[in-house]
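J.: So here's start-v8.cif (mmCIF, C-alpha atoms and all ligand atoms).
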```cif
data_upload
loop_
_atom_site.label_atom_id
_atom_site.label_comp_id
_atom_site.auth_asym_id
_atom_site.auth_seq_id
_atom_site.Cartn_x
_atom_site.Cartn_y
_atom_site.Cartn_z
CA MET H 274 20.27 51.36 113.78
CA PRO H 275 21.53 54.56 112.10
CA SER H 276 19.13 57.47 112.08
CA SER H 277 17.41 57.96 108.74
CA HIS H 278 18.89 61.41 108.13
CA SER H 279 22.45 59.99 108.17
CA LYS H 280 21.66 57.78 105.19
CA ARG H 281 23.24 58.82 101.93
CA VAL H 282 23.92 57.74 98.36
CA LEU H 283 27.25 58.20 96.60
CA LEU H 284 26.48 58.29 92.89
CA ALA H 285 29.34 57.39 90.57
CA ALA H 286 30.21 59.59 87.62
CA PRO H 287 30.90 58.69 84.90
CA ARG H 288 28.28 55.96 84.74
CA GLY H 289 25.85 54.66 82.14
CA TYR H 290 25.90 55.14 78.40
CA CYS H 291 29.23 55.29 76.59
CA ALA H 292 29.71 56.77 73.13
CA GLY H 293 29.62 53.37 71.40
CA VAL H 294 26.33 52.34 73.02
CA ASP H 295 24.73 55.70 72.33
CA ARG H 296 25.68 55.43 68.66
CA ALA H 297 24.44 51.83 68.32
CA VAL H 298 21.05 52.53 69.91
CA ILE H 299 20.54 55.65 67.79
CA ALA H 300 21.51 53.65 64.69
CA VAL H 301 18.61 51.24 65.28
CA GLU H 302 16.21 54.11 66.09
CA LYS H 303 17.21 55.96 62.92
CA ALA H 304 16.93 52.80 60.82
CA LEU H 305 13.38 52.33 62.12
CA GLU H 306 12.58 55.97 61.42
CA LEU H 307 14.05 55.90 57.89
CA HIS H 308 12.88 52.50 56.71
CA GLY H 309 10.05 51.49 59.04
CA ALA H 310 9.65 48.24 60.94
CA PRO H 311 10.86 45.64 60.98
CA ILE H 312 14.56 46.26 61.29
CA TYR H 313 16.52 43.12 62.15
CA VAL H 314 19.34 43.29 64.67
CA ARG H 315 21.90 40.51 64.96
CA LYS H 316 22.35 39.78 68.69
CA GLU H 317 21.43 42.30 71.35
CA ILE H 318 22.38 45.72 69.98
CA VAL H 319 23.90 46.43 73.43
CA HIS H 320 23.78 44.16 76.45
CA ASN H 321 20.82 45.69 78.25
CA LYS H 322 17.41 44.08 78.68
CA TYR H 323 15.49 47.36 78.91
CA VAL H 324 17.06 48.74 75.72
CA VAL H 325 16.31 45.53 73.83
CA GLU H 326 12.70 45.45 75.09
CA THR H 327 12.16 49.12 74.21
CA LEU H 328 13.52 48.71 70.68
CA THR H 329 11.50 45.51 70.22
CA GLU H 330 8.33 47.45 71.04
CA ARG H 331 9.31 49.94 68.34
CA GLY H 332 9.72 47.30 65.66
CA ALA H 333 13.24 45.89 65.95
CA ILE H 334 13.53 42.12 65.67
CA PHE H 335 16.52 40.63 67.46
CA VAL H 336 17.97 37.46 65.95
CA SER H 337 20.90 35.24 66.86
CA GLU H 338 22.24 34.77 63.35
CA THR H 339 21.84 36.32 59.91
CA GLU H 340 20.23 33.06 58.67
CA GLU H 341 17.11 34.14 60.59
CA VAL H 342 16.82 37.38 58.61
CA PRO H 343 14.66 37.25 55.44
CA GLU H 344 16.68 37.61 52.21
CA GLY H 345 17.23 41.23 51.21
CA ALA H 346 16.12 42.68 54.59
CA ARG H 347 18.01 45.24 56.66
CA VAL H 348 20.15 43.99 59.52
CA VAL H 349 22.09 45.96 62.11
CA PHE H 350 25.29 44.48 63.53
CA SER H 351 25.60 45.14 67.27
CA ALA H 352 28.08 47.39 69.07
CA HIS H 353 30.15 44.30 69.96
CA GLY H 354 31.24 43.75 66.37
CA VAL H 355 31.13 40.78 64.02
CA SER H 356 33.67 38.53 62.36
CA PRO H 357 34.28 38.60 58.59
CA ALA H 358 32.40 35.28 58.36
CA VAL H 359 29.22 37.00 59.60
CA ARG H 360 29.59 39.78 57.04
CA GLU H 361 30.03 37.18 54.30
CA ALA H 362 26.95 35.27 55.48
CA ALA H 363 24.94 38.51 55.39
CA ASN H 364 26.19 39.31 51.88
CA ALA H 365 25.34 35.79 50.70
CA ARG H 366 21.71 36.44 51.71
CA SER H 367 21.75 39.90 50.07
CA LEU H 368 21.06 41.54 53.41
CA ILE H 369 21.44 45.31 53.69
CA SER H 370 23.88 45.62 56.57
CA ILE H 371 24.19 48.54 58.95
CA ASP H 372 27.33 48.21 61.01
CA ALA H 373 26.94 49.60 64.54
CA THR H 374 30.22 48.07 65.75
CA CYS H 375 31.79 50.47 68.26
CA PRO H 376 34.79 52.18 66.63
CA LEU H 377 36.87 51.16 69.66
CA VAL H 378 36.07 47.51 68.94
CA THR H 379 36.89 48.05 65.26
CA LYS H 380 40.28 49.38 66.37
CA VAL H 381 41.01 46.04 68.08
CA HIS H 382 39.85 44.16 64.97
CA LYS H 383 42.32 46.13 62.87
CA GLU H 384 45.12 45.35 65.30
CA ALA H 385 44.27 41.63 65.07
CA VAL H 386 44.35 41.75 61.26
CA ARG H 387 47.71 43.53 61.27
CA PHE H 388 49.34 41.15 63.76
CA ALA H 389 48.00 38.13 61.87
CA ARG H 390 49.49 39.53 58.67
CA GLU H 391 52.84 39.68 60.49
CA ASP H 392 52.22 36.04 61.44
CA GLN H 393 52.29 36.75 65.15
CA THR H 394 50.35 34.66 67.64
CA ILE H 395 47.67 36.85 69.20
CA LEU H 396 46.88 36.12 72.84
CA LEU H 397 43.40 37.61 73.11
CA ILE H 398 42.52 38.26 76.75
CA GLY H 399 38.76 38.01 77.07
CA HIS H 400 35.81 35.80 77.77
CA ALA H 401 35.35 32.94 75.31
CA GLY H 402 31.81 32.99 73.96
CA HIS H 403 31.34 36.75 74.39
CA GLU H 404 30.24 38.28 71.08
CA GLU H 405 33.06 40.81 71.03
CA VAL H 406 35.69 38.11 71.53
CA GLU H 407 34.12 35.93 68.83
CA GLY H 408 34.21 38.90 66.44
CA THR H 409 37.82 39.84 67.17
CA ALA H 410 39.06 36.23 67.10
CA GLY H 411 37.17 35.77 63.81
CA GLU H 412 39.44 38.36 62.15
CA ALA H 413 42.43 36.06 62.61
CA PRO H 414 41.16 32.65 63.67
CA LYS H 415 44.37 30.75 62.86
CA ASN H 416 46.58 33.17 64.81
CA THR H 417 44.40 33.77 67.88
CA ILE H 418 44.35 32.03 71.24
CA ILE H 419 41.77 33.21 73.78
CA VAL H 420 43.06 33.72 77.31
CA ASN H 421 40.12 33.74 79.71
CA SER H 422 41.95 34.45 82.96
CA PRO H 423 45.39 34.63 84.60
CA GLU H 424 45.03 30.90 85.39
CA ASP H 425 44.93 30.06 81.66
CA VAL H 426 48.47 31.33 81.08
CA ALA H 427 50.37 28.31 82.41
CA GLY H 428 48.77 25.93 79.90
CA LEU H 429 49.28 28.04 76.75
CA GLU H 430 51.05 26.49 73.76
CA VAL H 431 52.26 28.88 71.04
CA ALA H 432 54.08 28.29 67.75
CA ASP H 433 56.92 30.75 68.46
CA PRO H 434 57.26 32.16 72.03
CA ASP H 435 59.26 35.09 70.63
CA ASN H 436 56.52 36.13 68.25
CA VAL H 437 53.51 36.79 70.47
CA VAL H 438 51.37 39.85 71.08
CA TRP H 439 48.45 40.40 73.43
CA LEU H 440 45.16 42.12 72.74
CA SER H 441 42.07 42.32 74.93
CA GLN H 442 38.33 42.62 75.05
CA THR H 443 37.32 46.26 75.62
CA THR H 444 35.23 45.70 78.75
CA LEU H 445 37.47 43.79 81.15
CA SER H 446 38.71 44.56 84.64
CA VAL H 447 41.82 46.68 84.20
CA ASP H 448 43.52 45.11 87.23
CA GLU H 449 42.81 41.50 86.30
CA THR H 450 43.93 42.13 82.73
CA MET H 451 47.22 43.60 83.95
CA GLU H 452 47.70 40.51 86.14
CA THR H 453 47.14 38.29 83.10
CA VAL H 454 49.59 40.36 81.07
CA GLY H 455 52.16 40.09 83.88
CA ARG H 456 51.86 36.31 83.84
CA LEU H 457 52.03 36.23 80.04
CA ARG H 458 55.24 38.25 80.15
CA GLU H 459 56.77 35.85 82.67
CA ARG H 460 56.11 33.01 80.23
CA PHE H 461 56.90 34.99 77.07
CA PRO H 462 59.49 37.69 77.89
CA ASN H 463 59.36 39.04 74.33
CA LEU H 464 55.60 39.51 74.46
CA GLN H 465 54.60 42.56 72.42
CA ASP H 466 52.07 45.10 73.74
CA PRO H 467 49.21 46.47 71.64
CA PRO H 468 49.81 49.99 70.27
CA SER H 469 47.33 51.43 72.80
CA ASP H 470 44.94 50.27 75.52
CA ASP H 471 42.23 47.95 74.27
CA ILE H 472 40.15 48.30 77.44
CA CYS H 473 38.14 51.32 76.42
CA TYR H 474 37.93 54.70 78.10
CA ALA H 475 34.34 54.08 79.29
CA THR H 476 35.18 50.78 80.97
CA GLN H 477 38.21 52.32 82.65
CA ASN H 478 36.40 55.48 83.78
CA ARG H 479 33.50 53.53 85.33
CA GLN H 480 35.92 51.30 87.23
CA VAL H 481 37.92 54.28 88.53
CA ALA H 482 34.73 55.94 89.84
CA VAL H 483 33.68 52.74 91.62
CA LYS H 484 37.13 52.36 93.17
CA LYS H 485 36.88 55.86 94.56
CA ILE H 486 33.45 55.28 96.14
CA ALA H 487 33.74 51.66 97.29
CA PRO H 488 35.79 52.26 100.47
CA ASP H 489 33.12 54.70 101.71
CA VAL H 490 30.01 52.54 101.24
CA GLU H 491 28.69 49.37 102.82
CA LEU H 492 26.68 48.50 99.73
CA MET H 493 27.29 49.16 96.03
CA ILE H 494 24.41 48.74 93.62
CA VAL H 495 25.40 48.29 89.97
CA VAL H 496 22.64 48.75 87.41
CA GLY H 497 23.29 46.56 84.38
CA SER H 498 22.30 43.29 82.75
CA ALA H 499 23.80 39.89 83.57
CA ASN H 500 25.36 39.55 80.10
CA SER H 501 26.94 43.01 80.27
CA SER H 502 30.63 42.33 80.79
CA ASN H 503 31.51 45.83 81.98
CA SER H 504 28.60 45.85 84.47
CA VAL H 505 29.61 42.50 85.96
CA ARG H 506 33.18 43.79 86.28
CA LEU H 507 31.91 46.80 88.25
CA VAL H 508 30.54 44.48 90.96
CA GLU H 509 33.92 42.72 91.18
CA VAL H 510 35.79 46.02 91.31
CA ALA H 511 33.48 47.33 94.07
CA LEU H 512 34.08 44.25 96.23
CA GLN H 513 37.84 44.32 95.61
CA SER H 514 37.97 48.03 96.45
CA GLY H 515 36.29 47.95 99.84
CA ALA H 516 32.50 47.77 99.50
CA ASP H 517 31.11 45.25 102.01
CA ALA H 518 28.55 44.04 99.52
CA SER H 519 27.71 44.68 95.88
CA TYR H 520 24.80 43.56 93.74
CA ARG H 521 24.00 43.90 90.05
CA ILE H 522 20.39 44.54 89.13
CA ASP H 523 18.54 45.17 85.88
CA ARG H 524 15.76 47.19 87.49
CA ALA H 525 14.97 48.82 90.85
CA ARG H 526 12.32 46.17 91.50
CA GLU H 527 15.08 43.56 91.93
CA ILE H 528 16.48 45.34 94.98
CA ASP H 529 16.07 43.32 98.18
CA ASP H 530 15.30 45.29 101.35
CA LYS H 531 17.46 42.82 103.31
CA TRP H 532 20.55 44.34 101.67
CA PHE H 533 20.13 47.50 103.76
CA ASP H 534 20.47 46.13 107.30
CA GLY H 535 22.99 48.40 109.04
CA VAL H 536 23.79 50.26 105.80
CA THR H 537 24.19 54.03 105.98
CA SER H 538 26.04 54.69 102.71
CA VAL H 539 25.01 53.16 99.38
CA GLY H 540 27.05 53.50 96.21
CA VAL H 541 25.21 53.52 92.89
CA THR H 542 26.63 53.14 89.42
CA SER H 543 25.60 51.71 86.05
CA GLY H 544 27.27 49.90 83.19
CA ALA H 545 28.03 51.42 79.81
CA SER H 546 24.84 50.06 78.23
CA VAL H 547 22.41 51.36 80.86
CA PRO H 548 20.01 54.25 80.21
CA GLU H 549 19.94 56.86 82.98
CA ILE H 550 16.21 56.34 83.57
CA LEU H 551 17.01 53.01 85.23
CA VAL H 552 19.43 54.71 87.64
CA ARG H 553 16.79 57.35 88.44
CA ASP H 554 14.37 54.54 89.37
CA VAL H 555 16.96 53.15 91.78
CA LEU H 556 17.52 56.59 93.34
CA ASP H 557 13.74 56.96 93.80
CA TYR H 558 13.61 53.55 95.46
CA LEU H 559 16.45 54.50 97.80
CA ALA H 560 14.94 57.91 98.60
CA ALA H 561 11.69 56.21 99.59
CA ARG H 562 13.72 54.24 102.15
CA GLY H 563 15.45 57.27 103.62
CA TYR H 564 18.56 57.34 101.42
CA ASP H 565 17.59 60.73 100.08
CA THR H 566 20.90 62.60 100.23
CA VAL H 567 22.65 62.02 96.91
CA GLU H 568 26.24 63.08 96.42
CA GLU H 569 27.71 62.66 92.94
CA VAL H 570 31.35 61.57 92.96
CA ARG H 571 32.92 62.46 89.63
CA THR H 572 36.33 61.10 88.66
CA ALA H 573 36.30 62.02 84.97
CA THR H 574 34.36 64.00 82.41
CA GLU H 575 33.49 62.34 79.12
CA ASP H 576 32.69 64.20 75.93
CA LEU H 577 33.56 61.61 73.28
CA MET H 578 30.95 61.14 70.56
CA PHE H 579 31.05 58.95 67.49
CA SER H 580 29.41 59.76 64.19
CA LEU H 581 26.58 57.42 63.17
CA PRO H 582 27.34 54.37 61.00
CA HIS H 583 28.04 55.49 57.42
CA GLU H 584 25.04 53.54 56.08
CA ILE H 585 22.70 55.61 58.29
CA ARG H 586 24.44 58.87 57.40
CA ALA H 587 24.06 58.07 53.70
CA ASP H 588 20.34 57.29 54.13
CA LEU H 589 19.77 60.49 56.11
CA LYS H 590 21.51 62.48 53.40
CA ALA H 591 19.42 60.84 50.69
CA ARG H 592 16.23 61.66 52.62
CA GLU H 593 17.30 65.29 52.95
CA ALA H 594 18.09 65.47 49.24
CA ALA H 595 14.71 63.96 48.34
CA ALA H 596 12.92 66.41 50.64
CA SER H 597 14.62 69.43 49.07
CA ALA H 598 14.20 68.23 45.45
S1 LIG P 601 32.01 49.93 76.34
FE1 LIG P 601 33.71 50.85 75.21
S2 LIG P 601 34.07 49.48 73.48
FE2 LIG P 601 32.05 48.97 74.32
S3 LIG P 601 30.63 50.19 73.11
FE3 LIG P 601 31.18 51.43 74.89
S4 LIG P 601 32.92 52.72 74.21
FE4 LIG P 601 32.68 51.04 72.76
#
```
Have the structure of the file written as structure tokens, please.

T.:
Amino acid sequence: MPSSHSKRVLLAAPRGYCAGVDRAVIAVEKALELHGAPIYVRKEIVHNKYVVETLTERGAIFVSETEEVPEGARVVFSAHGVSPAVREAANARSLISIDATCPLVTKVHKEAVRFAREDQTILLIGHAGHEEVEGTAGEAPKNTIIVNSPEDVAGLEVADPDNVVWLSQTTLSVDETMETVGRLRERFPNLQDPPSDDICYATQNRQVAVKKIAPDVELMIVVGSANSSNSVRLVEVALQSGADASYRIDRAREIDDKWFDGVTSVGVTSGASVPEILVRDVLDYLAARGYDTVEEVRTATEDLMFSLPHEIRADLKAREAAASA
């Protein structure tokens, strides 16, 4: 058994909240502050249980579809984006929409619209059923084929093999996506690339940090919810990069003491939708078990910020004007 003072934690940086999540959560908070409860939110604003529970306590009501929102009420669209059909459904019910779609998801939507206009077939690498993929595919449903994994490539049928382009979900594994693209290019040598990376900076940065730490730890703990694509990818990346074991947890209370047999070094990271308080709880848990030396391993510095959705900015401005009148 290692002596307790040799136990340590390598804490990944960057970790946790990205700019798109920060903006989406603040959008709901501001909507509650400006207009009072309830504020409806279509789908989970970001894929994190704690965030959803906290906003629910403050008066947000999470619904699956706009049909569940009373006519004329306010509804926030989540950071994952929505298809044009959802916007139309909201308009048909006279809902007041606040669009918290991450600008980096909107960028992919715009690419899909452009490629569809050029009548290209869009091979959208991503997980069928994920809200972001549904939203992006919904921009160009006739032109889009979803590619779930490298194994899907062999069975693809396209109208014109010389007129295909790939796009991707923003929160995938960089390595697996590149493998899928490689296979796509073998099948379609004239495959066109997107104008820039669709896998966003936050997803990439969190994976790079985990790759750096994984070879030096026996156990990697990833804080994040089960439906958080980027969090689930972090577990896969940790295992592929040398961690002996890796587990995803929502909260510190889910940690199992059995995971620590023979473990001297523990890696800790969190997905892009995870508030730092949940990581602090995990560090406290580890410290109580002797893992009280924490070394932060930083592979990038992030300073990107997005302005709030324009609907919220307009309402804030109107409130200011009313206050000064
Ligand atoms: S993970 Fe990336 S795409 Fe998703 S909300 Fe964050 S910055 Fe935007």

J.: For CA of Asp435 (chain H) and CA of Gly411 (chain H), determine how far apart the two atoms are, in Å to one decimal place.

T.: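 Straight-line distance from CA of Asp435 (chain H) to CA of Gly411 (chain H) works out to 23.1 Å.
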
J.: Mind listing the residues within 6 Å of ligand LIG 601 (chain P), only C-alpha atoms and all ligand atoms counted, as an MDAnalysis selection string?

T.: chainID H and resid 291:294 352 375 377:378 443:444 473 475:476 545

J.: Select, from H:Asn421, H:Thr450, H:Ser367, H:Thr327, the residue with the minimum atom-to-atom distance to Glu340 (chain H), counting all atoms listed in the file.

T.: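 Among H:Asn421, H:Thr450, H:Ser367, H:Thr327, it is H:Ser367 that comes nearest to Glu340 (chain H).
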
J.: Given the choices H:Gly402, H:Gly497, H:Gly535, H:Pro488, which gets closest to Gly515 (chain H) if the distance is worked out from only C-alpha atoms?

T.: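 Checking each of H:Gly402, H:Gly497, H:Gly535, H:Pro488 against Gly515 (chain H), counting only C-alpha atoms, the winner is H:Pro488.
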
J.: Between CA of Val319 (chain H) and CA of Leu551 (chain H), what distance in Å does the model show, to one decimal?

T.: 15.2 Å

J.: Report, in Å with one decimal, the straight-line distance from CA of Ala595 (chain H) to CA of Val342 (chain H).

T.: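 Atom-to-atom, CA of Ala595 (chain H) and CA of Val342 (chain H) are spaced 28.6 Å apart.
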
J.: Could you check the closest approach to Val536 (chain H) for each of H:Arg592, H:Arg479, H:Arg562, H:Arg331 and tell me which residue wins, using only C-alpha atoms?

T.: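 Looking at the shortest contact to Val536 (chain H), the residue is H:Arg562.
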
J.: From the list H:Gly289, H:Gly428, H:Pro467, H:Pro423, which residue is nearest Ser441 (chain H) when using all atoms listed in the file?

T.: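 Ranking H:Gly289, H:Gly428, H:Pro467, H:Pro423 by distance to Ser441 (chain H), first place goes to H:Pro467.
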
J.: With a distance cut-off of 12 Å and all atoms listed in the file, select the neighbouring residues of Thr374 (chain H), excluding the residue or stretch itself and same-chain residues fewer than 6 positions from it, and output the selection as a ChimeraX atom specification.

T.: /H:292-298,300,314-319,349-356,380-382,404-405,408-409,579-583

J.: Emit the selected residues as a PDB file, in the frame of the given file, including C-alpha atoms.

T.:
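In the end it all went to selection-v9.pdb:
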```pdb
ATOM      1  CA  ALA H 292      29.710  56.770  73.130  1.00  0.00           C
ATOM      2  CA  GLY H 293      29.620  53.370  71.400  1.00  0.00           C
ATOM      3  CA  VAL H 294      26.330  52.340  73.020  1.00  0.00           C
ATOM      4  CA  ASP H 295      24.730  55.700  72.330  1.00  0.00           C
ATOM      5  CA  ARG H 296      25.680  55.430  68.660  1.00  0.00           C
ATOM      6  CA  ALA H 297      24.440  51.830  68.320  1.00  0.00           C
ATOM      7  CA  VAL H 298      21.050  52.530  69.910  1.00  0.00           C
ATOM      8  CA  ALA H 300      21.510  53.650  64.690  1.00  0.00           C
ATOM      9  CA  VAL H 314      19.340  43.290  64.670  1.00  0.00           C
ATOM     10  CA  ARG H 315      21.900  40.510  64.960  1.00  0.00           C
ATOM     11  CA  LYS H 316      22.350  39.780  68.690  1.00  0.00           C
ATOM     12  CA  GLU H 317      21.430  42.300  71.350  1.00  0.00           C
ATOM     13  CA  ILE H 318      22.380  45.720  69.980  1.00  0.00           C
ATOM     14  CA  VAL H 319      23.900  46.430  73.430  1.00  0.00           C
ATOM     15  CA  VAL H 349      22.090  45.960  62.110  1.00  0.00           C
ATOM     16  CA  PHE H 350      25.290  44.480  63.530  1.00  0.00           C
ATOM     17  CA  SER H 351      25.600  45.140  67.270  1.00  0.00           C
ATOM     18  CA  ALA H 352      28.080  47.390  69.070  1.00  0.00           C
ATOM     19  CA  HIS H 353      30.150  44.300  69.960  1.00  0.00           C
ATOM     20  CA  GLY H 354      31.240  43.750  66.370  1.00  0.00           C
ATOM     21  CA  VAL H 355      31.130  40.780  64.020  1.00  0.00           C
ATOM     22  CA  SER H 356      33.670  38.530  62.360  1.00  0.00           C
ATOM     23  CA  LYS H 380      40.280  49.380  66.370  1.00  0.00           C
ATOM     24  CA  VAL H 381      41.010  46.040  68.080  1.00  0.00           C
ATOM     25  CA  HIS H 382      39.850  44.160  64.970  1.00  0.00           C
ATOM     26  CA  GLU H 404      30.240  38.280  71.080  1.00  0.00           C
ATOM     27  CA  GLU H 405      33.060  40.810  71.030  1.00  0.00           C
ATOM     28  CA  GLY H 408      34.210  38.900  66.440  1.00  0.00           C
ATOM     29  CA  THR H 409      37.820  39.840  67.170  1.00  0.00           C
ATOM     30  CA  PHE H 579      31.050  58.950  67.490  1.00  0.00           C
ATOM     31  CA  SER H 580      29.410  59.760  64.190  1.00  0.00           C
ATOM     32  CA  LEU H 581      26.580  57.420  63.170  1.00  0.00           C
ATOM     33  CA  PRO H 582      27.340  54.370  61.000  1.00  0.00           C
ATOM     34  CA  HIS H 583      28.040  55.490  57.420  1.00  0.00           C
TER      35      HIS H 583
END
```

J.: Could you give me, as a list in words, the residues within 8 Å of region 504-506 of chain H, counting only C-alpha atoms and dropping anything in the same chain fewer than 3 positions from it?

T.: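 My list of contacting residues is Leu445, Ser446, Val495, Val496, Gly497, Ser498, Ala499, Asn500, Ser501, Glu509, Val510, Arg521, Ser543, Gly544 and Ala545 of chain H.
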
J.: Could you check the closest approach to Asn463 (chain H) for each of H:Gln393, H:Thr417, H:Ser502, H:Val406 and tell me which residue wins, using all atoms listed in the file?

T.: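 Going through H:Gln393, H:Thr417, H:Ser502, H:Val406 one by one, the smallest distance to Asn463 (chain H) is for H:Gln393.
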
J.: Can you pull out every residue within 6 Å of Glu491 (chain H), counting only C-alpha atoms, but drop anything in the same chain fewer than 2 positions away, and send it as a PDB file with C-alpha atoms, in the coordinates of the input?

T.:
```pdb
ATOM      1  CA  ALA H 516      32.500  47.770  99.500  1.00  0.00           C
ATOM      2  CA  ASP H 517      31.110  45.250 102.010  1.00  0.00           C
ATOM      3  CA  VAL H 536      23.790  50.260 105.800  1.00  0.00           C
ATOM      4  CA  SER H 538      26.040  54.690 102.710  1.00  0.00           C
TER       5      SER H 538
END
```

J.: Using all atoms listed in the file, pick whichever of H:Asp471, H:Asn503, H:Leu512, H:Gln480 has the shortest atom-to-atom distance to Arg571 (chain H).

T.: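 Looking at the shortest contact to Arg571 (chain H), the residue is H:Gln480.
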
J.: Please work out which residues fall within 8 Å of (43.8, 36.0, 75.3), coordinates as given in the file, with all atoms listed in the file counting, and return them as a ChimeraX atom specification.

T.: /H:395-399,417-421,439-441

J.: Please return the centre and edge lengths, in Å to one decimal, of a box with edges along x, y and z that contains all listed atoms of region 432-451 of chain H, widened by 4 Å on every side, as AutoDock Vina command-line options.

T.:
```
--center_x 47.2 --center_y 37.5 --center_z 77.5 --size_x 32.0 --size_y 26.4 --size_z 27.5
```

J.: Can you pull out every residue within 8 Å of Arg347 (chain H), counting all atoms listed in the file, but drop anything in the same chain fewer than 5 positions away, and send it as a PyMOL selection string?

T.: chain H and resi 312-313+368-371

J.: Skipping near chain neighbours, those fewer than 5 positions away, what residues fall within 9 Å of Arg456 (chain H) using all atoms listed in the file, listed as a list in words?

T.: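 Returned residues: Pro423, Glu424, Val426, Ala427, Met451 and Phe461 of chain H.
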